[in-house]
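Structure file data.txt; described as compact mmCIF, C-alpha atoms.
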```txt
# COMPACT_ATOMS: atom_id res chain seq x y z
CA MET A 21 2.67 -2.68 19.01
CA PRO A 22 5.48 -2.45 21.58
CA ASN A 23 8.11 -2.62 18.81
CA ARG A 24 6.97 0.67 17.28
CA GLY A 25 7.40 2.60 20.53
CA TRP A 26 10.84 1.09 20.96
CA MET A 27 11.87 2.12 17.48
CA THR A 28 10.56 5.66 17.87
CA PHE A 29 12.64 5.91 21.03
CA VAL A 30 15.81 4.70 19.32
CA VAL A 31 15.34 6.99 16.32
CA GLY A 32 14.55 9.92 18.60
CA LEU A 33 17.58 9.28 20.77
CA GLY A 34 19.79 8.80 17.74
CA SER A 35 18.79 12.05 16.11
CA ALA A 36 19.05 13.96 19.38
CA LEU A 37 22.57 12.64 19.89
CA ALA A 38 23.52 13.44 16.30
CA LEU A 39 22.22 16.95 16.77
CA GLY A 40 24.13 17.39 20.00
CA TRP A 41 27.40 15.76 19.03
CA VAL A 42 27.65 16.54 15.33
CA ALA A 43 25.45 19.47 14.32
CA PHE A 44 25.90 21.64 17.41
CA PRO A 45 29.72 21.64 17.49
CA ARG A 46 29.69 22.63 13.80
CA LEU A 47 27.23 25.43 14.36
CA GLN A 48 29.11 26.58 17.42
CA TYR A 49 32.15 27.81 15.54
CA ARG A 50 32.65 30.47 12.91
CA THR A 51 35.58 29.89 10.55
CA ILE A 52 37.79 32.83 9.64
CA GLU A 53 40.77 32.71 7.27
CA GLN A 54 44.07 34.20 8.43
CA PRO A 55 44.85 37.51 6.69
CA LEU A 56 47.93 35.95 5.03
CA GLN A 57 49.36 32.49 4.51
CA PHE A 58 52.60 32.06 6.40
CA SER A 59 54.93 29.09 6.25
CA HIS A 60 57.00 28.27 9.32
CA LYS A 61 58.60 25.49 7.37
CA VAL A 62 60.04 27.83 4.73
CA HIS A 63 61.46 30.27 7.26
CA THR A 64 63.00 27.69 9.57
CA SER A 65 64.33 25.65 6.63
CA GLU A 66 68.05 25.43 6.03
CA ALA A 67 67.77 27.76 3.04
CA VAL A 68 66.40 30.65 5.13
CA GLY A 69 67.84 29.39 8.41
CA MET A 70 65.89 31.32 10.99
CA THR A 71 65.35 30.06 14.54
CA CYS A 72 62.26 30.43 16.70
CA GLU A 73 64.00 33.10 18.81
CA ASP A 74 64.49 35.32 15.75
CA CYS A 75 60.76 35.90 15.74
CA HIS A 76 59.48 34.84 19.19
CA SER A 77 61.67 35.67 22.14
CA LEU A 78 61.54 36.25 25.85
CA GLY A 79 62.61 39.74 26.92
CA ASP A 80 64.68 40.54 30.02
CA ASP A 81 61.63 42.04 31.65
CA GLY A 82 59.89 38.66 31.45
CA ARG A 83 57.56 39.62 28.65
CA PHE A 84 57.28 37.42 25.60
CA THR A 85 57.48 39.36 22.37
CA GLY A 86 54.67 37.24 20.99
CA LEU A 87 54.22 37.63 17.27
CA PRO A 88 56.88 39.41 15.23
CA SER A 89 56.05 42.84 13.85
CA MET A 90 56.69 44.08 10.34
CA ALA A 91 60.13 45.29 11.39
CA THR A 92 61.22 41.63 11.61
CA CYS A 93 60.06 40.79 8.10
CA GLU A 94 61.18 43.92 6.27
CA PRO A 95 64.91 43.23 6.02
CA CYS A 96 64.19 40.29 3.70
CA HIS A 97 60.87 41.15 2.11
CA THR A 98 61.26 44.64 0.68
CA GLU A 99 61.64 42.68 -2.56
CA PRO A 100 59.90 39.34 -3.17
CA GLN A 101 62.20 36.43 -2.32
CA GLY A 102 60.39 33.90 -4.49
CA GLN A 103 57.67 33.55 -7.07
CA THR A 104 54.62 32.72 -4.99
CA ALA A 105 51.50 34.82 -5.38
CA GLU A 106 51.05 34.93 -1.60
CA GLU A 107 54.43 36.53 -1.12
CA LYS A 108 53.70 39.11 -3.81
CA ARG A 109 50.48 40.00 -2.05
CA PHE A 110 52.42 40.22 1.21
CA VAL A 111 54.97 42.61 -0.27
CA ASP A 112 52.39 44.76 -2.08
CA GLU A 113 49.72 44.95 0.57
CA TYR A 114 51.75 44.95 3.76
CA VAL A 115 55.46 45.63 3.34
CA ALA A 116 55.10 48.43 0.76
CA LYS A 117 52.28 50.08 2.70
CA GLY A 118 53.93 49.58 6.10
CA ARG A 119 50.82 47.83 7.41
CA GLU A 120 50.95 45.34 10.29
CA ILE A 121 49.36 41.93 9.76
CA GLU A 122 46.48 41.19 12.09
CA TRP A 123 47.14 37.52 12.79
CA LEU A 124 44.50 35.52 14.58
CA VAL A 125 46.18 33.76 17.49
CA TYR A 126 45.00 30.18 17.86
CA ALA A 127 46.25 29.93 21.45
CA ARG A 128 44.72 33.24 22.60
CA GLN A 129 43.31 32.91 26.11
CA PRO A 130 40.38 34.96 27.43
CA GLU A 131 41.25 38.44 28.66
CA ASN A 132 40.90 37.47 32.31
CA VAL A 133 43.60 34.79 32.12
CA TYR A 134 47.18 35.53 33.07
CA PHE A 135 49.68 33.39 31.21
CA SER A 136 53.37 34.08 30.94
CA HIS A 137 55.90 32.20 28.83
CA ALA A 138 58.70 33.09 31.26
CA PRO A 139 58.13 30.38 33.92
CA HIS A 140 57.26 27.75 31.33
CA VAL A 141 59.99 28.31 28.78
CA GLY A 142 62.55 30.05 31.00
CA LEU A 143 62.34 28.12 34.27
CA ALA A 144 60.68 24.81 33.47
CA GLY A 145 62.16 24.43 29.98
CA ILE A 146 58.95 23.09 28.46
CA ALA A 147 59.09 22.66 24.68
CA CYS A 148 56.93 24.89 22.51
CA ALA A 149 55.37 21.79 20.95
CA ARG A 150 54.00 20.58 24.30
CA CYS A 151 51.48 23.41 24.21
CA HIS A 152 51.40 24.45 20.55
CA GLY A 153 51.76 21.12 18.79
CA PRO A 154 53.62 21.04 15.49
CA HIS A 155 52.75 24.65 14.58
CA GLY A 156 56.40 25.70 14.38
CA GLY A 157 56.98 23.27 11.50
CA THR A 158 53.83 23.81 9.47
CA ASP A 159 53.74 24.92 5.87
CA ARG A 160 50.26 26.41 5.82
CA LEU A 161 47.99 28.14 8.32
CA ARG A 162 44.81 26.28 9.11
CA PRO A 163 41.64 28.40 9.31
CA TYR A 164 40.97 30.02 12.66
CA GLN A 165 37.79 28.95 14.39
CA GLU A 166 35.97 31.23 16.77
CA ASN A 167 33.28 30.17 19.21
CA ARG A 168 30.16 32.11 18.28
CA LEU A 169 28.97 32.38 21.86
CA SER A 170 32.14 33.23 23.76
CA SER A 171 34.24 34.51 20.83
CA TYR A 172 37.13 32.41 22.18
CA SER A 173 39.42 30.45 19.90
CA ARG A 174 38.48 26.83 19.32
CA ASP A 175 41.93 25.79 20.49
CA ILE A 176 40.95 26.52 24.09
CA TRP A 177 38.55 23.61 24.02
CA GLY A 178 40.41 21.66 21.36
CA PRO A 179 39.23 20.08 18.11
CA SER A 180 37.37 17.13 19.58
CA PRO A 181 33.91 17.99 20.93
CA THR A 182 34.17 15.15 23.45
CA ARG A 183 37.81 15.89 24.38
CA LEU A 184 38.47 12.16 24.24
CA ARG A 185 41.51 10.76 22.47
CA ARG A 186 43.22 14.07 21.89
CA ALA A 187 46.91 14.85 21.84
CA GLU A 188 48.11 16.52 25.05
CA TRP A 189 48.56 19.89 23.34
CA GLN A 190 45.04 19.92 21.91
CA GLY A 191 42.96 22.08 24.20
CA MET A 192 44.13 24.51 26.89
CA LYS A 193 41.24 24.88 29.28
CA MET A 194 41.65 25.71 32.95
CA THR A 195 41.87 22.02 33.82
CA ASP A 196 44.59 21.48 31.20
CA CYS A 197 46.73 24.18 32.80
CA SER A 198 46.13 22.96 36.31
CA SER A 199 46.59 19.25 35.66
CA CYS A 200 50.07 19.93 34.30
CA HIS A 201 50.75 22.16 37.30
CA ASP A 202 49.64 19.40 39.63
CA ALA A 203 51.89 16.94 37.84
CA HIS A 204 54.83 19.33 38.32
CA GLY A 205 53.91 20.19 41.90
CA VAL A 206 53.27 23.88 41.13
CA ARG A 207 51.32 25.48 44.00
CA GLN A 208 48.45 27.44 42.52
CA SER A 209 45.44 29.46 43.51
CA CYS A 210 42.94 31.43 41.48
CA LEU A 211 45.19 34.49 41.38
CA THR A 212 48.06 32.49 39.89
CA CYS A 213 46.38 32.40 36.49
CA HIS A 214 43.74 35.11 36.62
CA LYS A 215 44.11 38.84 36.42
CA MET B 21 43.74 31.17 65.70
CA GLU B 22 46.93 30.31 63.84
CA SER B 23 47.65 31.99 60.53
CA ALA B 24 47.95 29.72 57.54
CA GLU B 25 51.43 29.15 56.14
CA THR B 26 52.16 30.88 52.88
CA THR B 27 54.77 29.61 50.46
CA ARG B 28 56.34 32.75 49.05
CA ALA B 29 55.66 35.71 51.30
CA ARG B 30 52.98 37.24 53.49
CA PHE B 31 52.39 40.65 52.03
CA ALA B 32 51.28 43.46 54.28
CA MET B 33 51.32 47.23 54.52
CA VAL B 34 51.61 49.76 57.31
CA ILE B 35 50.04 53.18 56.77
CA ASP B 36 51.40 56.02 58.86
CA LEU B 37 48.38 58.19 59.66
CA ASP B 38 50.59 60.94 61.05
CA ARG B 39 52.04 61.36 57.58
CA CYS B 40 48.89 60.97 55.51
CA ASN B 41 47.49 64.34 54.51
CA GLY B 42 44.42 62.97 52.74
CA CYS B 43 45.49 64.04 49.25
CA GLY B 44 43.96 60.95 47.63
CA ALA B 45 46.91 60.26 45.31
CA CYS B 46 46.80 56.62 46.43
CA ALA B 47 43.17 56.26 45.36
CA THR B 48 43.82 57.87 42.00
CA ALA B 49 46.93 55.80 41.29
CA CYS B 50 45.00 52.71 42.28
CA ALA B 51 42.15 53.45 39.89
CA VAL B 52 44.51 54.09 37.00
CA GLU B 53 46.53 50.95 37.70
CA ASN B 54 43.54 48.69 38.09
CA ASN B 55 41.26 50.00 35.35
CA VAL B 56 38.65 51.30 37.74
CA PRO B 57 36.42 53.55 35.61
CA PRO B 58 35.78 57.17 36.56
CA ALA B 59 32.61 57.64 38.61
CA ARG B 60 29.41 58.36 36.71
CA PRO B 61 27.87 61.75 37.39
CA SER B 62 25.08 59.97 39.25
CA ALA B 63 27.45 57.87 41.39
CA ASN B 64 26.78 57.90 45.09
CA GLU B 65 27.88 56.09 48.24
CA ARG B 66 26.39 52.87 47.00
CA THR B 67 27.23 52.89 43.30
CA GLY B 68 30.72 54.42 43.14
CA LEU B 69 33.80 52.21 42.76
CA THR B 70 37.06 52.67 44.66
CA TRP B 71 39.51 50.00 45.68
CA GLN B 72 41.25 52.49 47.94
CA ARG B 73 39.10 55.02 49.72
CA VAL B 74 40.17 57.83 51.99
CA TYR B 75 37.91 58.45 55.00
CA ARG B 76 38.16 61.52 57.15
CA ALA B 77 37.55 61.29 60.86
CA SER B 78 37.85 63.94 63.56
CA ASN B 79 38.40 64.06 67.28
CA GLY B 80 34.89 65.49 67.67
CA ARG B 81 35.98 68.65 69.45
CA GLN B 82 35.08 72.24 68.63
CA PHE B 83 37.52 74.75 67.15
CA PRO B 84 40.32 75.37 68.15
CA GLU B 85 40.75 71.85 69.57
CA ASN B 86 39.39 70.24 66.43
CA ARG B 87 41.76 67.75 64.72
CA SER B 88 41.30 65.55 61.66
CA VAL B 89 42.84 62.34 60.47
CA TYR B 90 42.58 60.54 57.15
CA PHE B 91 42.26 56.79 56.88
CA PRO B 92 43.07 55.28 53.47
CA VAL B 93 41.06 52.04 53.51
CA SER B 94 41.41 49.28 50.94
CA CYS B 95 40.80 45.55 51.27
CA GLN B 96 42.47 44.74 54.59
CA GLN B 97 43.74 41.35 53.31
CA CYS B 98 42.52 39.56 56.43
CA GLU B 99 44.19 36.39 57.62
CA HIS B 100 40.67 35.22 58.51
CA PRO B 101 38.56 36.92 55.86
CA PRO B 102 34.81 36.84 56.50
CA CYS B 103 34.20 37.21 52.75
CA VAL B 104 35.64 33.82 51.80
CA SER B 105 33.29 31.45 53.56
CA VAL B 106 30.15 33.29 52.48
CA CYS B 107 30.92 33.09 48.76
CA PRO B 108 28.66 30.46 47.18
CA GLN B 109 30.83 30.45 44.06
CA ASN B 110 34.33 29.90 45.36
CA ALA B 111 35.24 33.20 43.71
CA VAL B 112 37.01 34.48 46.83
CA ASP B 113 40.09 32.73 48.09
CA VAL B 114 43.27 33.38 50.07
CA SER B 115 46.39 32.89 48.00
CA PRO B 116 48.53 30.18 49.61
CA GLU B 117 51.46 31.89 47.95
CA THR B 118 51.15 35.41 49.31
CA GLY B 119 48.21 35.56 51.72
CA VAL B 120 46.45 38.03 49.43
CA VAL B 121 42.67 37.67 49.36
CA SER B 122 41.67 37.09 45.77
CA GLN B 123 38.48 38.00 44.00
CA ILE B 124 37.90 36.42 40.61
CA PRO B 125 35.26 38.60 38.91
CA VAL B 126 34.59 36.08 36.12
CA ARG B 127 33.53 33.56 38.73
CA CYS B 128 31.40 36.06 40.69
CA LEU B 129 27.63 35.84 40.31
CA GLY B 130 26.92 39.18 41.97
CA CYS B 131 25.07 38.05 45.11
CA ARG B 132 27.08 40.52 47.21
CA TYR B 133 27.20 38.35 50.33
CA CYS B 134 30.90 39.19 50.55
CA MET B 135 30.11 42.89 50.64
CA THR B 136 27.73 42.33 53.51
CA ALA B 137 30.28 40.19 55.30
CA CYS B 138 33.14 42.65 54.91
CA PRO B 139 33.35 44.85 58.02
CA TYR B 140 35.59 47.33 56.19
CA HIS B 141 33.32 48.23 53.27
CA ALA B 142 36.25 47.45 51.04
CA ARG B 143 34.32 45.63 48.33
CA TYR B 144 32.49 47.32 45.52
CA PHE B 145 29.82 46.21 43.13
CA ASN B 146 29.65 47.04 39.44
CA TRP B 147 26.14 48.34 38.98
CA PHE B 148 26.92 49.32 35.41
CA ASP B 149 29.29 48.31 32.65
CA PRO B 150 32.42 50.45 32.92
CA LYS B 151 32.53 53.51 30.73
CA TRP B 152 35.59 55.56 29.92
CA PRO B 153 35.70 59.04 28.46
CA ASP B 154 36.51 58.94 24.72
CA GLY B 155 40.10 57.98 24.11
CA MET B 156 40.80 56.96 27.69
CA GLU B 157 40.18 53.29 26.95
CA THR B 158 43.45 53.28 25.01
CA THR B 159 45.28 53.98 28.27
CA LEU B 160 43.90 50.92 30.06
CA ASN B 161 46.37 48.63 31.79
CA PRO B 162 46.56 45.41 29.74
CA ASP B 163 47.72 43.44 32.78
CA VAL B 164 44.44 43.89 34.63
CA SER B 165 41.21 42.60 33.13
CA VAL B 166 38.28 44.97 32.93
CA ARG B 167 35.20 43.93 34.93
CA MET B 168 31.67 43.90 33.64
CA ARG B 169 28.46 44.89 35.40
CA GLY B 170 27.09 42.51 37.98
CA VAL B 171 30.32 41.51 39.70
CA VAL B 172 32.20 42.51 42.84
CA GLU B 173 35.77 43.81 42.80
CA LYS B 174 38.35 44.94 45.30
CA CYS B 175 42.04 45.58 46.00
CA ASN B 176 44.48 42.68 45.59
CA PHE B 177 47.72 44.55 46.39
CA CYS B 178 48.19 45.19 42.64
CA HIS B 179 48.52 41.52 41.90
CA SER B 180 49.45 42.12 38.27
CA ARG B 181 52.62 43.81 39.48
CA TRP B 182 53.45 40.69 41.48
CA GLN B 183 52.89 38.57 38.38
CA ALA B 184 55.09 40.87 36.32
CA ALA B 185 57.85 40.76 38.94
CA LYS B 186 57.72 36.96 39.01
CA ALA B 187 57.88 36.80 35.21
CA LYS B 188 60.88 39.10 35.22
CA ALA B 189 62.66 36.88 37.73
CA ALA B 190 61.69 33.75 35.77
CA ALA B 191 63.13 35.19 32.56
CA ALA B 192 66.42 35.55 34.44
CA GLY B 193 66.09 31.93 35.61
CA LYS B 194 65.25 32.82 39.21
CA ARG B 195 62.37 32.11 41.54
CA ASP B 196 63.31 34.67 44.20
CA LEU B 197 62.57 38.22 43.35
CA ASP B 198 63.92 41.57 44.25
CA PRO B 199 61.45 43.26 46.66
CA ALA B 200 61.95 46.51 44.72
CA ASP B 201 60.27 44.90 41.70
CA TYR B 202 56.96 44.52 43.48
CA VAL B 203 55.43 47.67 44.93
CA PRO B 204 51.68 48.40 44.73
CA ALA B 205 50.61 51.58 42.92
CA CYS B 206 49.31 53.35 46.06
CA VAL B 207 52.60 52.87 47.88
CA GLU B 208 54.48 54.24 44.92
CA ALA B 209 52.17 57.23 44.48
CA CYS B 210 52.08 58.47 48.09
CA PRO B 211 53.92 61.82 48.14
CA GLU B 212 54.34 61.55 51.93
CA LYS B 213 55.81 58.04 51.79
CA ALA B 214 53.19 57.14 54.38
CA ILE B 215 52.78 53.53 53.25
CA VAL B 216 55.37 50.82 53.89
CA PHE B 217 54.85 47.58 51.99
CA GLY B 218 56.59 44.23 52.16
CA ASN B 219 56.80 40.71 53.47
CA LEU B 220 55.57 40.32 57.04
CA ASP B 221 57.34 36.99 57.38
CA ASP B 222 60.71 38.59 56.75
CA PRO B 223 61.74 39.98 60.17
CA ARG B 224 64.20 42.37 58.50
CA SER B 225 61.59 44.03 56.31
CA GLY B 226 60.41 47.53 57.13
CA VAL B 227 56.85 46.35 57.25
CA ALA B 228 57.51 43.62 59.82
CA LYS B 229 59.32 46.07 62.10
CA SER B 230 56.75 48.80 61.71
CA ALA B 231 53.79 46.45 62.27
CA LYS B 232 55.30 45.41 65.58
CA SER B 233 56.02 48.94 66.78
CA ALA B 234 54.16 50.27 69.80
CA ASN B 235 51.76 52.60 68.06
CA ALA B 236 50.71 50.25 65.29
CA PHE B 237 47.15 48.94 65.22
CA ARG B 238 44.57 47.44 62.92
CA LEU B 239 40.96 48.34 62.24
CA LEU B 240 38.25 46.53 64.21
CA GLU B 241 40.76 44.18 65.79
CA LYS B 242 38.10 42.86 68.15
CA LEU B 243 36.50 40.96 65.25
CA GLY B 244 39.48 38.63 64.92
CA THR B 245 39.82 39.12 61.17
CA GLU B 246 43.56 39.74 61.56
CA PRO B 247 44.02 42.27 58.76
CA LYS B 248 47.38 42.57 57.02
CA VAL B 249 46.87 46.29 56.53
CA PHE B 250 48.22 48.01 59.63
CA TYR B 251 47.98 51.65 60.64
CA ARG B 252 50.11 53.62 62.99
CA SER B 253 49.78 56.92 64.76
CA ASP B 254 51.42 58.54 67.75
CA ARG B 255 48.11 60.23 68.61
CA ALA B 256 46.10 58.24 71.15
CA TRP B 257 42.71 59.54 69.96
CA VAL B 258 43.49 58.31 66.44
CA ARG B 259 44.33 54.84 67.73
CA ARG B 260 41.06 54.80 69.64
CA LEU B 261 39.17 55.27 66.37
CA ALA B 262 40.37 51.86 65.24
CA ASP B 263 37.57 50.14 67.07
CA ALA B 264 34.90 52.57 65.93
CA ASP B 265 33.50 52.17 62.48
CA VAL B 266 35.38 54.83 60.54
CA ALA B 267 32.82 54.56 57.79
CA VAL B 268 30.10 56.06 59.95
CA GLN B 269 32.35 58.91 60.97
CA GLU B 270 32.13 61.99 58.90
CA LYS B 271 33.57 60.81 55.66
CA GLU B 272 35.03 62.15 52.56
CA ALA B 273 34.85 59.98 49.55
CA THR B 274 37.85 60.61 47.39
CA ARG B 275 36.72 58.74 44.33
CA GLY B 276 39.05 57.71 41.58
```
What do you get writing this file as structure tokens?
Amino acid sequence: MPNRGWMTFVVGLGSALALGWVAFPRLQYRTIEQPLQFSHKVHTSEAVGMTCEDCHSLGDDGRFTGLPSMATCEPCHTEPQGQTAEEKRFVDEYVAKGREIEWLVYARQPENVYFSHAPHVGLAGIACARCHGPHGGTDRLRPYQENRLSSYSRDIWGPSPTRLRRAEWQGMKMTDCSSCHDAHGVRQSCLTCHK
Amino acid sequence: MESAETTRARFAMVIDLDRCNGCGACATACAVENNVPPARPSANERTGLTWQRVYRASNGRQFPENRSVYFPVSCQQCEHPPCVSVCPQNAVDVSPETGVVSQIPVRCLGCRYCMTACPYHARYFNWFDPKWPDGMETTLNPDVSVRMRGVVEKCNFCHSRWQAAKAKAAAAGKRDLDPADYVPACVEACPEKAIVFGNLDDPRSGVAKSAKSANAFRLLEKLGTEPKVFYRSDRAWVRRLADADVAVQEKEATRG
């Protein structure tokens, strides 16, 4: 029966594709919760009135301060500002004990990559959202996903396993860096971005 | 052969052999800057790692006419590097920005063709994963990635310092940088100030003047590699060594 062979082929192909495109990407990543929930929306709201630079700024030496340390939070949070359980936990477990929070950085590049905010933010004036999406306005932290094989953040590849139909900030692989550089006429060689 | 145009600078150094006393401070500073691990007790000629190595050579005479000279040898940053074309991985490249020969360890597959091709023995292979004495790993330089076993590494004129200097200028809204902000570790460490570093394309720079001076020379010039590391000495017998292979002379490995 030629039909039977044909059907076996289709079913086989279908399940192989499902395995490759659906099951594998799920298995590939380990999900880890952030140590604390943090709301950018609350802190940059009119009520609190902080700006991005209050917590993330570019130093004179060209280094980006990255994530704020406890010293930035303490002036306001020695006492809870509101009623939320998360804030109470924050005050009790971190502020009172003087412990730093070990945030998981979604955008973290592999150790061999050299990236500096100075040329991008300082010289080229690129908006944070071009590379980080709407993170600066979010109310909750999404879970961090780590590639089980490489231990890199999922954001390097981006959420879509096929990388089709993604927003321009989703995914920051080598080609994503260099295609923007090409578009801006930035001369680059391996040593530009590797260390 | 014409040298390729570079967009920012053409970095070079001139090492004054009449000043060098062979102390090895350059090699040590280099290892600390670039996270080169201390040699294992079993390390030998073949398995040790040094991006900057100090060779001793002599004039071959008996006492009292015997004289020595020390040659600090790192990657010579050739204009026509033999290591580039042999790399099957595209892991070796000449920066169109600075003329520095790059080596991207993450891209390297460890075939070591480049080491065979390099006439200066300036490339080293990681036979083992790096190991630091307890506590020393906390002093690693975060601007230089640590290499794993199975890849080749070499000097890149302290490229992380160039990146840092560019970032500093960018934060001030500039693209041109102050030459004082970019000095490789070996140049900085030399107590004799024997190494001059700078932009060869800038005729006013110390390095451009010194490289053109009468007693300046390069190693194995006959090969046409056009190194951007120059040496100079007022002693004729030292200059004659440039075309011998200093590595087969009596040597002293000053390992970092």
Hey, list the chain B side of the contact with chain A: 7 Å cut-off, all atoms listed in the file, answer as a list in words. Ser115, Pro116, Ser122, Asp163, Val164, Ser165, Ser180, Ala187, Lys188, Ala190, Ala191, Ala192 and Gly193 of chain B
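Minimum atom-to-atom distance to Arg87 in chain B, evaluated using only C-alpha atoms, belongs to B:Asp38 out of B:Leu240, B:Asp201, B:Phe31, B:Asp38.
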Pick out the residues sitting within 10 Å of Phe44 in chain A, and hand them over as a short mmCIF file (atom, residue, chain, number, x, y, z; two decimals) with C-alpha atoms, keeping the file's coordinate frame; count all atoms listed in the file, and ignore anything fewer than 6 positions along from it in its own chain.
```cif
data_model
loop_
_atom_site.label_atom_id
_atom_site.label_comp_id
_atom_site.auth_asym_id
_atom_site.auth_seq_id
_atom_site.Cartn_x
_atom_site.Cartn_y
_atom_site.Cartn_z
CA LEU A 37 22.57 12.64 19.89
CA ALA A 38 23.52 13.44 16.30
CA PRO A 181 33.91 17.99 20.93
#
```
For CA of Asn146 in chain B and CA of Cys206 in chain B, the interatomic separation in Å (one decimal):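 Answer for the CA of Asn146 in chain B to CA of Cys206 in chain B separation: 21.7 Å.
Around the point (53.8, 17.0, 21.3), within 10 Å and counting all atoms listed in the file, we find these residues: Ala147, Cys148, Ala149, Arg150, Cys151, His152, Gly153, Pro154, Ala187, Glu188, Trp189 and Gln190 of chain A.
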Give me the residues within 12 Å of range 111-117 of chain A as a tab-separated table (two decimals) with C-alpha atoms, in the coordinates of the input, counting all atoms listed in the file and dropping any in the same chain fewer than 4 places off.
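Just written: selection_4.tsv:
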```
chain	number	residue	atom	x	y	z
A	55	PRO	CA	44.85	37.51	6.69
A	56	LEU	CA	47.93	35.95	5.03
A	89	SER	CA	56.05	42.84	13.85
A	90	MET	CA	56.69	44.08	10.34
A	91	ALA	CA	60.13	45.29	11.39
A	92	THR	CA	61.22	41.63	11.61
A	93	CYS	CA	60.06	40.79	8.10
A	94	GLU	CA	61.18	43.92	6.27
A	95	PRO	CA	64.91	43.23	6.02
A	96	CYS	CA	64.19	40.29	3.70
A	97	HIS	CA	60.87	41.15	2.11
A	98	THR	CA	61.26	44.64	0.68
A	99	GLU	CA	61.64	42.68	-2.56
A	100	PRO	CA	59.90	39.34	-3.17
A	101	GLN	CA	62.20	36.43	-2.32
A	102	GLY	CA	60.39	33.90	-4.49
A	103	GLN	CA	57.67	33.55	-7.07
A	104	THR	CA	54.62	32.72	-4.99
A	105	ALA	CA	51.50	34.82	-5.38
A	106	GLU	CA	51.05	34.93	-1.60
A	107	GLU	CA	54.43	36.53	-1.12
A	121	ILE	CA	49.36	41.93	9.76
A	122	GLU	CA	46.48	41.19	12.09
```
Could you state the separation of CA of Cys40 in chain B and CA of Trp71 in chain B in Å, given to one decimal place?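 Atom-to-atom, CA of Cys40 in chain B and CA of Trp71 in chain B are spaced 17.5 Å apart.
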Separation of CA of Pro247 in chain B from CA of Cys138 in chain B in Å: 11.5 Å
